[in-house]
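One file, model25.txt, carrying compact mmCIF, N, CA, C and O atoms:
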```
# COMPACT_ATOMS: atom_id res chain seq x y z
N MET A 1 0.84 -1.19 0.00
CA MET A 1 0.00 0.00 0.00
C MET A 1 0.89 1.25 0.00
O MET A 1 1.82 1.35 0.77
N ASN A 2 0.53 2.17 -0.85
CA ASN A 2 1.28 3.41 -1.00
C ASN A 2 0.83 4.42 0.06
O ASN A 2 -0.37 4.70 0.18
N GLN A 3 1.77 4.98 0.79
CA GLN A 3 1.44 5.92 1.87
C GLN A 3 0.74 7.16 1.34
O GLN A 3 -0.15 7.71 1.99
N GLU A 4 1.11 7.62 0.15
CA GLU A 4 0.45 8.81 -0.42
C GLU A 4 -1.03 8.54 -0.68
O GLU A 4 -1.86 9.43 -0.48
N VAL A 5 -1.36 7.34 -1.11
CA VAL A 5 -2.77 6.99 -1.33
C VAL A 5 -3.49 6.92 0.01
O VAL A 5 -4.61 7.43 0.15
N THR A 6 -2.86 6.35 1.01
CA THR A 6 -3.44 6.31 2.36
C THR A 6 -3.67 7.73 2.87
O THR A 6 -4.76 8.04 3.40
N ASP A 7 -2.71 8.60 2.68
CA ASP A 7 -2.83 9.99 3.12
C ASP A 7 -3.98 10.70 2.37
O ASP A 7 -4.72 11.48 2.97
N PHE A 8 -4.12 10.43 1.08
CA PHE A 8 -5.20 11.01 0.29
C PHE A 8 -6.55 10.62 0.89
O PHE A 8 -7.42 11.47 1.10
N ILE A 9 -6.72 9.34 1.17
CA ILE A 9 -8.00 8.85 1.72
C ILE A 9 -8.24 9.43 3.11
O ILE A 9 -9.34 9.89 3.41
N ASN A 10 -7.21 9.46 3.94
CA ASN A 10 -7.35 10.00 5.30
C ASN A 10 -7.66 11.49 5.31
O ASN A 10 -8.24 12.00 6.27
N ALA A 11 -7.28 12.20 4.26
CA ALA A 11 -7.50 13.65 4.19
C ALA A 11 -8.88 14.03 3.67
O ALA A 11 -9.25 15.21 3.70
N LEU A 12 -9.66 13.06 3.21
CA LEU A 12 -11.00 13.38 2.70
C LEU A 12 -11.84 13.96 3.84
O LEU A 12 -11.88 13.44 4.94
N LYS A 13 -12.54 15.06 3.54
CA LYS A 13 -13.27 15.79 4.58
C LYS A 13 -14.54 15.07 5.02
O LYS A 13 -14.92 15.15 6.19
N GLU A 14 -15.19 14.40 4.12
CA GLU A 14 -16.44 13.71 4.45
C GLU A 14 -16.15 12.26 4.83
O GLU A 14 -15.57 11.52 4.02
N PRO A 15 -16.55 11.84 6.02
CA PRO A 15 -16.29 10.46 6.44
C PRO A 15 -16.82 9.41 5.47
O PRO A 15 -16.16 8.40 5.22
N TRP A 16 -17.99 9.65 4.87
CA TRP A 16 -18.56 8.67 3.93
C TRP A 16 -17.68 8.51 2.70
O TRP A 16 -17.59 7.42 2.14
N GLN A 17 -17.00 9.59 2.30
CA GLN A 17 -16.09 9.50 1.16
C GLN A 17 -14.88 8.64 1.51
O GLN A 17 -14.40 7.86 0.68
N GLY A 18 -14.38 8.78 2.72
CA GLY A 18 -13.27 7.96 3.17
C GLY A 18 -13.61 6.49 3.19
O GLY A 18 -12.81 5.64 2.77
N VAL A 19 -14.81 6.17 3.66
CA VAL A 19 -15.27 4.78 3.69
C VAL A 19 -15.37 4.22 2.27
O VAL A 19 -14.88 3.13 1.98
N LEU A 20 -16.00 4.98 1.38
CA LEU A 20 -16.14 4.52 -0.01
C LEU A 20 -14.77 4.35 -0.68
O LEU A 20 -14.51 3.34 -1.33
N ALA A 21 -13.89 5.32 -0.50
CA ALA A 21 -12.57 5.25 -1.13
C ALA A 21 -11.78 4.05 -0.58
O ALA A 21 -11.10 3.35 -1.34
N THR A 22 -11.89 3.80 0.71
CA THR A 22 -11.22 2.64 1.31
C THR A 22 -11.78 1.34 0.74
O THR A 22 -11.02 0.43 0.39
N ASN A 23 -13.11 1.26 0.62
CA ASN A 23 -13.73 0.06 0.04
C ASN A 23 -13.31 -0.15 -1.41
O ASN A 23 -13.03 -1.28 -1.83
N LEU A 24 -13.24 0.92 -2.18
CA LEU A 24 -12.84 0.82 -3.58
C LEU A 24 -11.37 0.40 -3.69
O LEU A 24 -11.02 -0.41 -4.55
N ARG A 25 -10.55 0.91 -2.82
CA ARG A 25 -9.14 0.51 -2.80
C ARG A 25 -9.02 -0.98 -2.51
O ARG A 25 -8.24 -1.69 -3.15
N GLU A 26 -9.80 -1.47 -1.55
CA GLU A 26 -9.79 -2.90 -1.23
C GLU A 26 -10.27 -3.74 -2.41
O GLU A 26 -9.74 -4.82 -2.66
N VAL A 27 -11.27 -3.25 -3.13
CA VAL A 27 -11.76 -3.93 -4.34
C VAL A 27 -10.60 -4.13 -5.32
O VAL A 27 -10.39 -5.23 -5.84
N VAL A 28 -9.85 -3.07 -5.55
CA VAL A 28 -8.74 -3.14 -6.51
C VAL A 28 -7.69 -4.15 -6.03
O VAL A 28 -7.20 -4.97 -6.81
N HIS A 29 -7.38 -4.12 -4.75
CA HIS A 29 -6.36 -5.05 -4.23
C HIS A 29 -6.82 -6.50 -4.28
O HIS A 29 -6.00 -7.40 -4.51
N LYS A 30 -8.11 -6.74 -4.11
CA LYS A 30 -8.63 -8.11 -4.24
C LYS A 30 -8.61 -8.56 -5.70
O LYS A 30 -8.34 -9.71 -6.00
N ALA A 31 -8.92 -7.64 -6.59
CA ALA A 31 -9.00 -7.97 -8.02
C ALA A 31 -7.61 -8.11 -8.65
O ALA A 31 -7.42 -8.91 -9.57
N ILE A 32 -6.66 -7.32 -8.17
CA ILE A 32 -5.31 -7.29 -8.74
C ILE A 32 -4.31 -7.40 -7.58
O ILE A 32 -3.84 -6.38 -7.06
N PRO A 33 -3.97 -8.60 -7.17
CA PRO A 33 -3.10 -8.78 -6.00
C PRO A 33 -1.76 -8.05 -6.10
O PRO A 33 -1.24 -7.57 -5.10
N ASP A 34 -1.20 -7.92 -7.29
CA ASP A 34 0.10 -7.26 -7.46
C ASP A 34 -0.02 -5.82 -7.95
O ASP A 34 0.89 -5.29 -8.56
N VAL A 35 -1.14 -5.17 -7.64
CA VAL A 35 -1.39 -3.81 -8.10
C VAL A 35 -0.36 -2.84 -7.53
O VAL A 35 0.15 -3.02 -6.43
N GLN A 36 -0.05 -1.84 -8.33
CA GLN A 36 0.82 -0.75 -7.90
C GLN A 36 -0.05 0.48 -7.72
O GLN A 36 -0.92 0.75 -8.56
N GLU A 37 0.19 1.22 -6.65
CA GLU A 37 -0.58 2.42 -6.37
C GLU A 37 0.33 3.64 -6.48
O GLU A 37 1.51 3.57 -6.16
N ARG A 38 -0.28 4.74 -6.92
CA ARG A 38 0.44 6.01 -6.88
C ARG A 38 -0.55 7.16 -7.00
O ARG A 38 -1.67 6.98 -7.50
N ILE A 39 -0.11 8.31 -6.53
CA ILE A 39 -0.91 9.52 -6.72
C ILE A 39 -0.42 10.16 -8.01
O ILE A 39 0.78 10.38 -8.20
N GLN A 40 -1.36 10.39 -8.90
CA GLN A 40 -1.05 11.05 -10.16
C GLN A 40 -2.22 11.97 -10.48
O GLN A 40 -3.38 11.57 -10.29
N TYR A 41 -1.95 13.17 -10.91
CA TYR A 41 -2.99 14.17 -11.15
C TYR A 41 -3.84 14.37 -9.90
O TYR A 41 -5.07 14.54 -9.98
N LYS A 42 -3.20 14.27 -8.73
CA LYS A 42 -3.83 14.48 -7.43
C LYS A 42 -4.92 13.47 -7.10
O LYS A 42 -5.83 13.73 -6.33
N LYS A 43 -4.84 12.28 -7.71
CA LYS A 43 -5.82 11.21 -7.46
C LYS A 43 -5.10 9.87 -7.34
O LYS A 43 -4.08 9.65 -7.98
N PRO A 44 -5.67 8.93 -6.56
CA PRO A 44 -5.09 7.59 -6.50
C PRO A 44 -5.31 6.83 -7.81
O PRO A 44 -6.44 6.72 -8.29
N HIS A 45 -4.21 6.37 -8.37
CA HIS A 45 -4.24 5.56 -9.58
C HIS A 45 -3.72 4.17 -9.24
O HIS A 45 -2.80 4.03 -8.44
N PHE A 46 -4.29 3.17 -9.87
CA PHE A 46 -3.92 1.78 -9.64
C PHE A 46 -3.45 1.19 -10.96
O PHE A 46 -4.17 1.27 -11.96
N LEU A 47 -2.25 0.61 -10.95
CA LEU A 47 -1.65 0.11 -12.19
C LEU A 47 -1.30 -1.37 -12.07
O LEU A 47 -0.97 -1.86 -10.99
N LYS A 48 -1.38 -2.03 -13.20
CA LYS A 48 -0.92 -3.41 -13.33
C LYS A 48 0.06 -3.43 -14.49
O LYS A 48 -0.28 -2.98 -15.59
N ASN A 49 1.25 -3.92 -14.23
CA ASN A 49 2.29 -3.95 -15.26
C ASN A 49 2.54 -2.57 -15.87
O ASN A 49 2.76 -2.44 -17.07
N GLY A 50 2.42 -1.53 -15.05
CA GLY A 50 2.67 -0.17 -15.51
C GLY A 50 1.54 0.46 -16.29
O GLY A 50 1.67 1.57 -16.78
N LYS A 51 0.41 -0.23 -16.43
CA LYS A 51 -0.73 0.29 -17.20
C LYS A 51 -1.91 0.56 -16.27
O LYS A 51 -2.14 -0.16 -15.31
N TYR A 52 -2.67 1.60 -16.59
CA TYR A 52 -3.80 1.99 -15.75
C TYR A 52 -4.84 0.88 -15.67
O TYR A 52 -5.28 0.34 -16.68
N ALA A 53 -5.26 0.59 -14.43
CA ALA A 53 -6.33 -0.37 -14.20
C ALA A 53 -7.55 0.33 -13.62
O ALA A 53 -8.69 0.02 -13.99
N ALA A 54 -7.32 1.29 -12.71
CA ALA A 54 -8.44 1.99 -12.06
C ALA A 54 -7.95 3.30 -11.46
O ALA A 54 -6.75 3.50 -11.24
N VAL A 55 -8.91 4.17 -11.16
CA VAL A 55 -8.60 5.44 -10.50
C VAL A 55 -9.79 5.85 -9.63
O VAL A 55 -10.94 5.57 -9.98
N ILE A 56 -9.48 6.46 -8.50
CA ILE A 56 -10.50 7.01 -7.61
C ILE A 56 -10.37 8.52 -7.66
O ILE A 56 -9.26 9.06 -7.56
N SER A 57 -11.49 9.21 -7.79
CA SER A 57 -11.46 10.67 -7.70
C SER A 57 -12.65 11.13 -6.86
O SER A 57 -13.64 10.42 -6.72
N THR A 58 -12.53 12.32 -6.31
CA THR A 58 -13.59 12.83 -5.44
C THR A 58 -13.97 14.24 -5.83
O THR A 58 -13.17 14.99 -6.40
N SER A 59 -15.21 14.58 -5.52
CA SER A 59 -15.70 15.95 -5.63
C SER A 59 -16.48 16.20 -4.33
O SER A 59 -16.58 15.30 -3.49
N LYS A 60 -17.06 17.36 -4.19
CA LYS A 60 -17.80 17.65 -2.95
C LYS A 60 -18.92 16.64 -2.70
O LYS A 60 -19.16 16.24 -1.56
N ALA A 61 -19.60 16.23 -3.75
CA ALA A 61 -20.79 15.42 -3.57
C ALA A 61 -20.65 13.96 -3.99
O ALA A 61 -21.62 13.20 -3.91
N ALA A 62 -19.46 13.55 -4.45
CA ALA A 62 -19.35 12.20 -4.99
C ALA A 62 -17.94 11.64 -4.89
O ALA A 62 -16.97 12.37 -4.72
N VAL A 63 -17.89 10.31 -5.01
CA VAL A 63 -16.64 9.59 -5.19
C VAL A 63 -16.80 8.85 -6.52
O VAL A 63 -17.77 8.11 -6.70
N SER A 64 -15.88 9.08 -7.43
CA SER A 64 -15.94 8.42 -8.73
C SER A 64 -14.90 7.32 -8.80
O SER A 64 -13.80 7.46 -8.26
N PHE A 65 -15.26 6.24 -9.46
CA PHE A 65 -14.37 5.10 -9.62
C PHE A 65 -14.35 4.74 -11.09
O PHE A 65 -15.39 4.43 -11.68
N THR A 66 -13.18 4.81 -11.71
CA THR A 66 -13.04 4.51 -13.12
C THR A 66 -12.27 3.21 -13.30
O THR A 66 -11.24 3.01 -12.66
N ILE A 67 -12.80 2.35 -14.15
CA ILE A 67 -12.13 1.10 -14.53
C ILE A 67 -11.69 1.26 -15.98
O ILE A 67 -12.49 1.67 -16.83
N PHE A 68 -10.43 0.93 -16.26
CA PHE A 68 -9.90 1.02 -17.62
C PHE A 68 -9.99 -0.34 -18.32
O PHE A 68 -10.17 -1.37 -17.67
N ASN A 69 -9.86 -0.35 -19.64
CA ASN A 69 -9.86 -1.57 -20.46
C ASN A 69 -11.19 -2.31 -20.38
O ASN A 69 -11.23 -3.53 -20.20
N THR A 70 -12.28 -1.59 -20.55
CA THR A 70 -13.61 -2.16 -20.35
C THR A 70 -14.34 -2.52 -21.64
O THR A 70 -15.49 -2.93 -21.58
N VAL A 71 -13.70 -2.40 -22.77
CA VAL A 71 -14.37 -2.62 -24.05
C VAL A 71 -15.06 -3.98 -24.14
O VAL A 71 -16.18 -4.08 -24.62
N THR A 72 -14.43 -5.01 -23.61
CA THR A 72 -14.99 -6.37 -23.75
C THR A 72 -15.87 -6.78 -22.57
O THR A 72 -16.41 -7.89 -22.58
N LEU A 73 -16.04 -5.91 -21.58
CA LEU A 73 -16.83 -6.28 -20.41
C LEU A 73 -18.33 -6.17 -20.66
O LEU A 73 -18.79 -5.27 -21.36
N ASP A 74 -19.07 -7.06 -20.05
CA ASP A 74 -20.53 -7.00 -20.06
C ASP A 74 -20.93 -6.32 -18.75
O ASP A 74 -20.98 -6.96 -17.70
N LEU A 75 -21.20 -5.02 -18.83
CA LEU A 75 -21.44 -4.23 -17.63
C LEU A 75 -22.93 -4.09 -17.34
O LEU A 75 -23.74 -4.01 -18.26
N PRO A 76 -23.29 -4.03 -16.05
CA PRO A 76 -24.69 -3.83 -15.67
C PRO A 76 -25.22 -2.51 -16.23
O PRO A 76 -24.52 -1.49 -16.19
N GLU A 77 -26.43 -2.54 -16.70
CA GLU A 77 -27.10 -1.36 -17.27
C GLU A 77 -27.18 -0.24 -16.23
O GLU A 77 -27.57 -0.46 -15.10
N GLY A 78 -26.77 0.97 -16.63
CA GLY A 78 -26.92 2.14 -15.79
C GLY A 78 -25.92 2.28 -14.66
O GLY A 78 -25.98 3.25 -13.90
N MET A 79 -24.99 1.35 -14.53
CA MET A 79 -24.04 1.41 -13.42
C MET A 79 -22.85 2.33 -13.74
O MET A 79 -22.32 2.96 -12.85
N PHE A 80 -22.47 2.40 -15.00
CA PHE A 80 -21.30 3.16 -15.42
C PHE A 80 -21.64 4.08 -16.57
O PHE A 80 -22.59 3.86 -17.30
N ASP A 81 -20.79 5.11 -16.76
CA ASP A 81 -20.89 5.95 -17.95
C ASP A 81 -19.49 6.20 -18.48
O ASP A 81 -18.53 5.65 -17.97
N GLU A 82 -19.40 6.97 -19.54
CA GLU A 82 -18.15 7.32 -20.21
C GLU A 82 -17.95 6.49 -21.47
O GLU A 82 -18.78 5.67 -21.82
N PRO A 83 -16.80 6.64 -22.14
CA PRO A 83 -16.56 5.93 -23.41
C PRO A 83 -16.31 4.43 -23.20
O PRO A 83 -16.07 3.99 -22.08
N PRO A 84 -16.33 3.65 -24.28
CA PRO A 84 -16.20 2.19 -24.18
C PRO A 84 -14.91 1.69 -23.53
O PRO A 84 -14.92 0.67 -22.86
N GLU A 85 -13.80 2.42 -23.70
CA GLU A 85 -12.52 1.91 -23.21
C GLU A 85 -12.31 2.13 -21.71
O GLU A 85 -11.42 1.55 -21.11
N ARG A 86 -13.12 2.97 -21.08
CA ARG A 86 -13.06 3.15 -19.62
C ARG A 86 -14.46 3.54 -19.13
O ARG A 86 -15.16 4.30 -19.78
N LYS A 87 -14.80 3.01 -17.99
CA LYS A 87 -16.13 3.27 -17.44
C LYS A 87 -16.01 3.84 -16.04
O LYS A 87 -15.17 3.42 -15.25
N THR A 88 -16.88 4.80 -15.74
CA THR A 88 -16.85 5.48 -14.46
C THR A 88 -18.20 5.34 -13.76
O THR A 88 -19.24 5.53 -14.38
N MET A 89 -18.14 5.01 -12.48
CA MET A 89 -19.34 5.05 -11.66
C MET A 89 -19.18 6.20 -10.67
O MET A 89 -18.10 6.43 -10.14
N LYS A 90 -20.27 6.94 -10.47
CA LYS A 90 -20.25 8.07 -9.55
C LYS A 90 -21.12 7.70 -8.35
O LYS A 90 -22.31 7.42 -8.50
N LEU A 91 -20.50 7.68 -7.18
CA LEU A 91 -21.19 7.28 -5.96
C LEU A 91 -21.41 8.49 -5.06
O LEU A 91 -20.49 9.29 -4.86
N ARG A 92 -22.61 8.58 -4.52
CA ARG A 92 -22.95 9.68 -3.62
C ARG A 92 -23.24 9.14 -2.22
O ARG A 92 -23.41 7.94 -2.05
N LYS A 93 -23.32 10.03 -1.27
CA LYS A 93 -23.58 9.64 0.11
C LYS A 93 -24.82 8.76 0.18
O LYS A 93 -25.86 9.09 -0.40
N GLY A 94 -24.69 7.61 0.84
CA GLY A 94 -25.81 6.70 0.99
C GLY A 94 -25.90 5.63 -0.08
O GLY A 94 -26.65 4.67 0.06
N ASP A 95 -25.15 5.78 -1.17
CA ASP A 95 -25.15 4.76 -2.22
C ASP A 95 -24.49 3.48 -1.71
O ASP A 95 -23.55 3.53 -0.91
N THR A 96 -25.00 2.37 -2.19
CA THR A 96 -24.37 1.09 -1.87
C THR A 96 -23.86 0.46 -3.16
O THR A 96 -24.41 0.71 -4.23
N ILE A 97 -22.82 -0.35 -3.02
CA ILE A 97 -22.26 -1.02 -4.19
C ILE A 97 -22.05 -2.49 -3.87
O ILE A 97 -21.83 -2.86 -2.72
N ASP A 98 -22.15 -3.28 -4.90
CA ASP A 98 -21.90 -4.71 -4.78
C ASP A 98 -20.39 -4.91 -4.94
O ASP A 98 -19.88 -4.95 -6.06
N LEU A 99 -19.70 -5.00 -3.82
CA LEU A 99 -18.24 -5.06 -3.85
C LEU A 99 -17.74 -6.32 -4.55
O LEU A 99 -16.76 -6.27 -5.30
N LYS A 100 -18.43 -7.43 -4.36
CA LYS A 100 -18.02 -8.68 -5.00
C LYS A 100 -18.12 -8.56 -6.53
O LYS A 100 -17.23 -8.99 -7.25
N GLN A 101 -19.20 -7.97 -7.00
CA GLN A 101 -19.38 -7.75 -8.44
C GLN A 101 -18.29 -6.82 -8.98
O GLN A 101 -17.73 -7.06 -10.05
N LEU A 102 -17.97 -5.79 -8.22
CA LEU A 102 -16.96 -4.83 -8.65
C LEU A 102 -15.58 -5.48 -8.70
O LEU A 102 -14.81 -5.22 -9.63
N VAL A 103 -15.26 -6.34 -7.74
CA VAL A 103 -13.99 -7.09 -7.77
C VAL A 103 -13.91 -7.90 -9.06
O VAL A 103 -12.89 -7.91 -9.76
N SER A 104 -15.00 -8.55 -9.42
CA SER A 104 -15.04 -9.36 -10.64
C SER A 104 -14.80 -8.50 -11.88
O SER A 104 -14.04 -8.88 -12.78
N LEU A 105 -15.45 -7.35 -11.94
CA LEU A 105 -15.31 -6.47 -13.12
C LEU A 105 -13.87 -5.94 -13.24
O LEU A 105 -13.30 -5.93 -14.34
N VAL A 106 -13.29 -5.51 -12.12
CA VAL A 106 -11.92 -4.99 -12.16
C VAL A 106 -10.96 -6.11 -12.55
O VAL A 106 -10.03 -5.91 -13.35
N SER A 107 -11.19 -7.30 -12.03
CA SER A 107 -10.35 -8.45 -12.36
C SER A 107 -10.40 -8.78 -13.85
O SER A 107 -9.37 -8.98 -14.49
N GLN A 108 -11.61 -8.80 -14.40
CA GLN A 108 -11.78 -9.07 -15.84
C GLN A 108 -11.11 -7.99 -16.68
O GLN A 108 -10.42 -8.31 -17.66
N ALA A 109 -11.32 -6.74 -16.33
CA ALA A 109 -10.77 -5.63 -17.12
C ALA A 109 -9.24 -5.62 -17.08
O ALA A 109 -8.60 -5.30 -18.07
N SER A 110 -8.67 -5.97 -15.94
CA SER A 110 -7.21 -5.92 -15.80
C SER A 110 -6.52 -7.19 -16.29
O SER A 110 -5.29 -7.23 -16.37
N ALA A 111 -7.27 -8.20 -16.63
CA ALA A 111 -6.69 -9.48 -17.05
C ALA A 111 -5.81 -9.33 -18.30
O ALA A 111 -4.87 -10.08 -18.50
N VAL A 112 -6.13 -8.34 -19.14
CA VAL A 112 -5.38 -8.15 -20.38
C VAL A 112 -4.12 -7.30 -20.20
O VAL A 112 -3.36 -7.13 -21.14
N LEU A 113 -3.93 -6.76 -19.01
CA LEU A 113 -2.77 -5.88 -18.77
C LEU A 113 -1.52 -6.68 -18.47
O LEU A 113 -1.55 -7.73 -17.93
```

Can the structure in the file be given as structure tokens, please?
Amino acid sequence: MNQEVTDFINALKEPWQGVLATNLREVVHKAIPDVQERIQYKKPHFLKNGKYAAVISTSKAAVSFTIFNTVTLDLPEGMFDEPPERKTMKLRKGDTIDLKQLVSLVSQASAVL
């Protein structure tokens, strides 16, 4: 675990954002056991073999989670947006996510890296 990513999560002002970001980080680590973490563009980025696998970003009202290499994935309707090669889900306070499903999606997307 990268200390800069830990510091980023710990510095989030809203406790619910910290919980979501921590859960998303755990999803990535379960999906990609040898993942590399770093802060880039002021956001936590997760890489496999030096290539982007996922990124967490925050705004005042949301935590966004982007998965890269999603062209071949069969994604649940309405869960993600953005172009075919990367998909982003925007989570707001009170939203729940199926962590097991998300681990599977990140694992599938990163399998080609």

Please provide as a PyMOL selection string all residues within 9 Å of Lys90 in chain A, with the sequence filter that same-chain residues fewer than 3 positions apart are discarded (counting only C-alpha atoms).
chain A and resi 62-66+79-81

Could the residues in this selection be saved with N, CA, C and O atoms as a short mmCIF file (atom, residue, chain, number, x, y, z; two decimals), in the frame of the given file?
```cif
data_model
loop_
_atom_site.label_atom_id
_atom_site.label_comp_id
_atom_site.auth_asym_id
_atom_site.auth_seq_id
_atom_site.Cartn_x
_atom_site.Cartn_y
_atom_site.Cartn_z
N ALA A 62 -19.46 13.55 -4.45
CA ALA A 62 -19.35 12.20 -4.99
C ALA A 62 -17.94 11.64 -4.89
O ALA A 62 -16.97 12.37 -4.72
N VAL A 63 -17.89 10.31 -5.01
CA VAL A 63 -16.64 9.59 -5.19
C VAL A 63 -16.80 8.85 -6.52
O VAL A 63 -17.77 8.11 -6.70
N SER A 64 -15.88 9.08 -7.43
CA SER A 64 -15.94 8.42 -8.73
C SER A 64 -14.90 7.32 -8.80
O SER A 64 -13.80 7.46 -8.26
N PHE A 65 -15.26 6.24 -9.46
CA PHE A 65 -14.37 5.10 -9.62
C PHE A 65 -14.35 4.74 -11.09
O PHE A 65 -15.39 4.43 -11.68
N THR A 66 -13.18 4.81 -11.71
CA THR A 66 -13.04 4.51 -13.12
C THR A 66 -12.27 3.21 -13.30
O THR A 66 -11.24 3.01 -12.66
N MET A 79 -24.99 1.35 -14.53
CA MET A 79 -24.04 1.41 -13.42
C MET A 79 -22.85 2.33 -13.74
O MET A 79 -22.32 2.96 -12.85
N PHE A 80 -22.47 2.40 -15.00
CA PHE A 80 -21.30 3.16 -15.42
C PHE A 80 -21.64 4.08 -16.57
O PHE A 80 -22.59 3.86 -17.30
N ASP A 81 -20.79 5.11 -16.76
CA ASP A 81 -20.89 5.95 -17.95
C ASP A 81 -19.49 6.20 -18.48
O ASP A 81 -18.53 5.65 -17.97
#
```

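You can rank A:Gln108, A:Lys100, A:Arg92, A:Ile39 by their closest distance to Glu4 in chain A using all atoms listed in the file, and at the top of that list sits A:Ile39.
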
Go ahead and compute the interatomic distance for CA of Ile32 in chain A and CA of Ser107 in chain A, in Å to one decimal.
6.3 Å

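Within 12 Å of the point (-22.8, -3.1, -14.2), counting only C-alpha atoms, the protein and nucleic acid residues come to Ile67, Thr70, Leu73, Asp74, Leu75, Pro76, Glu77, Gly78, Met79, Phe80, Asp81, Lys87, Thr88, Met89, Ile97, Asp98, Leu99, Lys100, Gln101, Leu102, Val103, Ser104, Leu105 and Val106 of chain A.
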
Taking a cut-off of 8 Å and counting only N, CA, C and O atoms, can you build a table that, for each residue of range 33-106 of chain A near range 6-17 of chain A, reports the nearest atom pair and how far apart they are in Å (one decimal), sorted by chain then residue number, as a tab-separated table?
```
residue	atom	partner	partner_atom	distance
A:Lys42	O	A:Phe8	CA	7.2
A:Lys43	C	A:Phe8	CA	7.7
A:Pro44	N	A:Phe8	CA	7.2
A:Ser57	O	A:Gln17	O	7.9
A:Thr58	CA	A:Gln17	CA	7.8
A:Ser59	O	A:Gln17	CA	7.5
A:Lys60	O	A:Glu14	CA	7.1
A:Ala62	O	A:Gln17	CA	6.6
A:Val63	CA	A:Gln17	CA	6.4
A:Leu91	O	A:Gln17	CA	7.5
A:Arg92	O	A:Trp16	O	7.2
A:Lys93	CA	A:Trp16	CA	6.4
A:Gly94	N	A:Trp16	CA	6.9
A:Asp95	O	A:Trp16	O	7.7
```

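With atom C of Ser110 in chain A on one side and atom N of Glu37 in chain A on the other, the separation reads 14.4 Å.
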
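One distance worth recording is that between CA of Thr72 in chain A and CA of Thr96 in chain A, which is 24.9 Å.
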
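Running DSSP on the backbone and keeping only alpha helix (DSSP H), the residues of range 12-113 of chain A that qualify are Pro15, Trp16, Gln17, Gly18, Val19, Leu20, Ala21, Thr22, Asn23, Leu24, Arg25, Glu26, Val27, Val28, His29, Lys30, Ala31, Leu99, Lys100, Gln101, Leu102, Val103, Ser104, Leu105, Val106, Ser107, Gln108, Ala109 and Ser110 of chain A.
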
With distances taken over all atoms listed in the file, which residue among A:Ala61, A:Gln3, A:Pro33, A:Val27 lies nearest Leu47 in chain A?
A:Pro33

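Minimum atom-to-atom distance to Ala53 in chain A, evaluated using all atoms listed in the file, belongs to A:Ala109 out of A:Ala31, A:Leu24, A:Ala109, A:Met1.
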
Sel. of strand (DSSP E) residues, range 47-87 of chain A, as an NGL selection string
:A and (47-48 or 51-58 or 63-68 or 86-87)

Enclose the full set of atoms of range 96-106 of chain A listed in the file within a box whose edges lie along x, y and z, apply 6 Å of padding to each of the six sides, and report centre and edge lengths in Å to one decimal as AutoDock Vina command-line options.
```
--center_x -17.5 --center_y -3.5 --center_z -8.1 --size_x 27.0 --size_y 23.7 --size_z 24.5
```

Nearest to Tyr52 in chain A, restricted to only N, CA, C and O atoms and choosing among A:Glu26, A:Glu85, A:Gln40, A:Asn2, comes out as A:Glu85

Pick out the closest residue to Val35 in chain A from this set: A:Lys48, A:Val112, A:Asn23, A:Glu82. Count all atoms listed in the file.
A:Lys48
